[in-house]
Structures are given as structure tokens and as C-alpha cells.
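Asker: Structure in C-alpha cells, see below.
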There are 2 protein chains.
Amino acid sequence: MMALVFEKSKASKKIKWLKTSTSQSWLDQAIAHPLEILIDHANCERKAAGAAIQMMFRYIGEPGLAEVLSPLAREELEHFERVLEILKSRGRYLEPLEAPPYGSLLAKSIRKEEPLRMLDSFLVAGLIEARSHERMALLSLHSPDQELRALYAELLHSEARHFCLYWTLAEERFDKSATLTRLNELAEVESKILSEIHHEPRMHS
Amino acid sequence: MMALVFEKSKASKKIKWLKTSTSQSWLDQAIAHPLEILIDHANCERKAAGAAIQMMFRYIGEPGLAEVLSPLAREELEHFERVLEILKSRGRYLEPLEAPPYGSLLAKSIRKEEPLRMLDSFLVAGLIEARSHERMALLSLHSPDQELRALYAELLHSEARHFCLYWTLAEERFDKSATLTRLNELAEVESKILSEIHHEPRMHS
């Protein structure tokens, strides 16, 4: 398993594969709209579970895959339930928020032909986990709301672990150097998508 | 929550809403092909988890729904992992088996307009759980394989509980008498679909 290297700074812990750090404007936007971020966060956890289950379905006979993705999907659902609980304690519920372009643009970068599609699917899923980790770390430090700081501190370690799981799935099946090259390319795309902040507050705006 | 009434017979425990009992020919077929049934069973658990997550997505703002469906999906995934473990211990793995017509024919009975679609979705999901419960009960009694008897005995109670969960979701939101009438109609369809055994051994052949 890849050793995770964190760049420690006052502002954030960043998994080293992310090409750019989250901007202050995203943090300001997120802190100004904590409930909208929570609702979006719940939606993201549910989507992450659904995506893992879809991947299990698509590569049903791939040895060693379902054993990793099924527990990962369960953990995403546990987080979903945790966030939903806090939302409800604050008098809110899930809502169908308009998604920022982040997920769909990343999905477009996934190559169509197998086995490249599998490799890219792992790396894109891993990058989303890495970005979630970075942003939850920011919120765990800078949210003015103590309960939310604790929530994000509790959840962010799983995001880093999930990045590692996806990285390991890729590393076990593909040439190491080609995998690293592709991760670099996709990480460039990921950072470019986030270079303009989305007008609505989202976990990946 | 509805009181579950079981009809106790030598052959099976049957949730009373099922219109007909599983035939001896299904039991013979299943016992003759235990590994194919296990592989199909794993696929069914994964599909059940996916279906619950899809329902959470479709009815995202429906209060009280995600709180039930998310833990249910997690439990389906736990069962998936349990079955996969036994499969692997016997030198097999997941395979993309051709599905019997059961699921798709039941899905066709779901009415298109809301809120009827929601009601039917709960009832169809519940009936599938009820049938799984009945068949696992048969296998827990009649499989010649001790490990499989124990597996099915372990899992079948959750299937009955899941039927109750879906029933309760329906009962809380819809007129009781209309719900019962519709459950009866769908249970007729469900039994009719199974009246001819599928040529390949499946959990719902």
C-alpha cells in the first residue's frame, strides 16, 4: 500500500497527489453555508456508495475487487447516516441540490476502452476521496461550529484511507509507472476543474 | 409494524403474504446446484443494496426513508460479503450469471405515476425479500451441506425483517386498505412469475 504523505501547513493537510490546494474563497463559501455543505456532503457519501456498488457490478468477476469495494460502500453509507443525523438535529433534511460540474467533468476524463476505463475509474474515485479529505481537513480546523469541526475531524481519516484503497486497486493491476503518469494527468484535470469556484456552495464547488 | 405470521409446515416457513409456496422442483434444482445458487445469491444481495440506494436517490427529500434504507443497504452488503467468503473458501468467485425473468417482470408491475410508483416499489422490494426468506428457510432445512444450512439459517431472519421494513415504509405513507389490496395484486403476479421454473438454477428461478 502506498505511503500517504501529507503536506502539513497551517491551512490544510493535503494528500500529495492533489495538484493544487483548495482556495480561501472555497473555505469562506463553505463556512458561510454550513447546512448546504452538509446536505451536499450527505449526497456525496450516498453517491460514493452507489459508485462503488456500480463498479462491483461492472467488474463482477474481477478477483479481489468486491472484497474492497463492498466494505468501502458500507462505510460511505455509515457516514451518510452520520451526516443525516446532524442535519436532522438542526431541523433540516436531505434535498436534491444541483450538483457542481466536478463529478461529471471528471467522469468525462475516464477513457472508454478497457482496461484503461478500470484504471481511470479507480484513479478518479481516489482523487475525489483525496479532495474530500483535504476539504474536510480544512473544515475540521476552520469551521466556527464546534460540532462540525468534530464531525469533519472524525470523517476525514476514512477519506484518506479510501484514497489508498483505490490507489492500491490500481497499483495491484496496472504497471506502476503508467499508473503514476495517469494519476498525474487526472490530478491536473481535477485541479483545473476546481480552479474556478462554482457559484453554489458544495463540497466540490 | 405489521405482525409477521408464519405458516409452519414441514417444508417451509412462509411469510403469509406470499400467494404460493415454492415448489419441490425449485428445491431439487437449488440443492443440485449449490454453488450456482450461492453466486446468484451474492449477486442478489448486491442488487438489493443497489436498489435501496437508488430508491434513496429517487425520493431524496422523503422524510424517514433514507434512515431505513441506508442501514438496510449496509446489511445487504454484509450478506454479500458473507456469501462471497464462502464462495471463495470453495474455490469459486462471483460471476455474471444470466438473470431469471423474475426481477424484470416484477419491475414491470410497478406503476409509473407517483405516488403509486413509490408504493409499488416498496411492495415489490418487500415481496422479493419475503420470497428470499421462504427459499432460504427451505435451504436451511433441506440442503445436504451443513455449512450452507447454517448460512441460510443465519441470513433468513434479515430477509423477513427487510420485508417488514418495506411494509412499514408503505403502511406509514399510504392508506392501509389500498396498500393491502395492492400487495395482494402484486403477490399474485409474483407467484405467477414463479409458477414456471426457470431452466437455470437461481435464487428466484
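By order in the C-alpha cells, chains are A, B, ...; within a chain, residues start at 1; ligands start at 1, following the order shown.
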Would you list which chain B residues are within 8 Å of chain A using only C-alpha atoms, as a count of residues only?

Answerer: 19

Asker: Write out as a PyMOL selection string the residues lying within 9 Å of Pro34 in chain A, counting only C-alpha atoms and excluding same-chain residues fewer than 2 positions away.

Answerer: chain A and resi 29-32+36-39+143+145+148+201

Asker: Identify, with DSSP run on backbone atoms, the residues in range 93-154 of chain A assigned to helix (DSSP H, G or I), and express the list as a VMD selection string.

Answerer: chain A and resid 102 to 108 116 to 142 146 to 154

Asker: Check the smallest atom-to-atom distance from each of A:Asp120, A:Glu113, A:Glu147, A:Asp28 to Leu87 in chain A using only C-alpha atoms, then report the winner.

Answerer: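 Of the candidates, the smallest distance to Leu87 in chain A is held by A:Glu147.
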
Asker: Mind checking DSSP for chain B and telling me the strand (DSSP E or B) residues as a ChimeraX atom specification?

Answerer: /B:6-8,13-15

Asker: Do a neighbour search on Ser121 in chain B at 12 Å with only C-alpha atoms, toss out local chain neighbours closer than 2 positions, and write the hits as JSON, numbers by chain.

Answerer: {"B": [51, 52, 54, 55, 56, 58, 59, 103, 106, 107, 108, 109, 110, 111, 112, 113, 114, 115, 116, 117, 118, 119, 123, 124, 125, 126, 127, 128, 166, 167, 169, 170, 179, 182, 183, 186]}

Asker: Between A:Phe122, A:Trp26, A:Trp17, A:Tyr102, which residue has the minimum interatomic distance to Ile193 in chain A, considering only C-alpha atoms?

Answerer: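 That would be A:Tyr102, the residue with the smallest distance to Ile193 in chain A.
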
Asker: Near His198 in chain B, counting only C-alpha atoms, which residues have an atom at most 9 Å away, once you skip same-chain residues fewer than 6 positions from it, shown as a ChimeraX atom specification?

Answerer: /B:26,100-101,204-205

Asker: Kindly give the distance, in Å, that separates CA of Gln146 in chain B and CA of Cys164 in chain B, rounded to a single decimal.

Answerer: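 Answer for the CA of Gln146 in chain B to CA of Cys164 in chain B separation: 28.4 Å.
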
Asker: Using only C-alpha atoms, which residue out of B:Leu180, B:Leu138, B:Ala150, B:Leu165 lies closest to Ser23 in chain B?

Answerer: B:Leu138

Asker: Report, in Å to a single decimal, how far apart CA of Leu156 in chain A and CA of Ser132 in chain A are.

Answerer: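 Distance between the two atoms: 7.6 Å.
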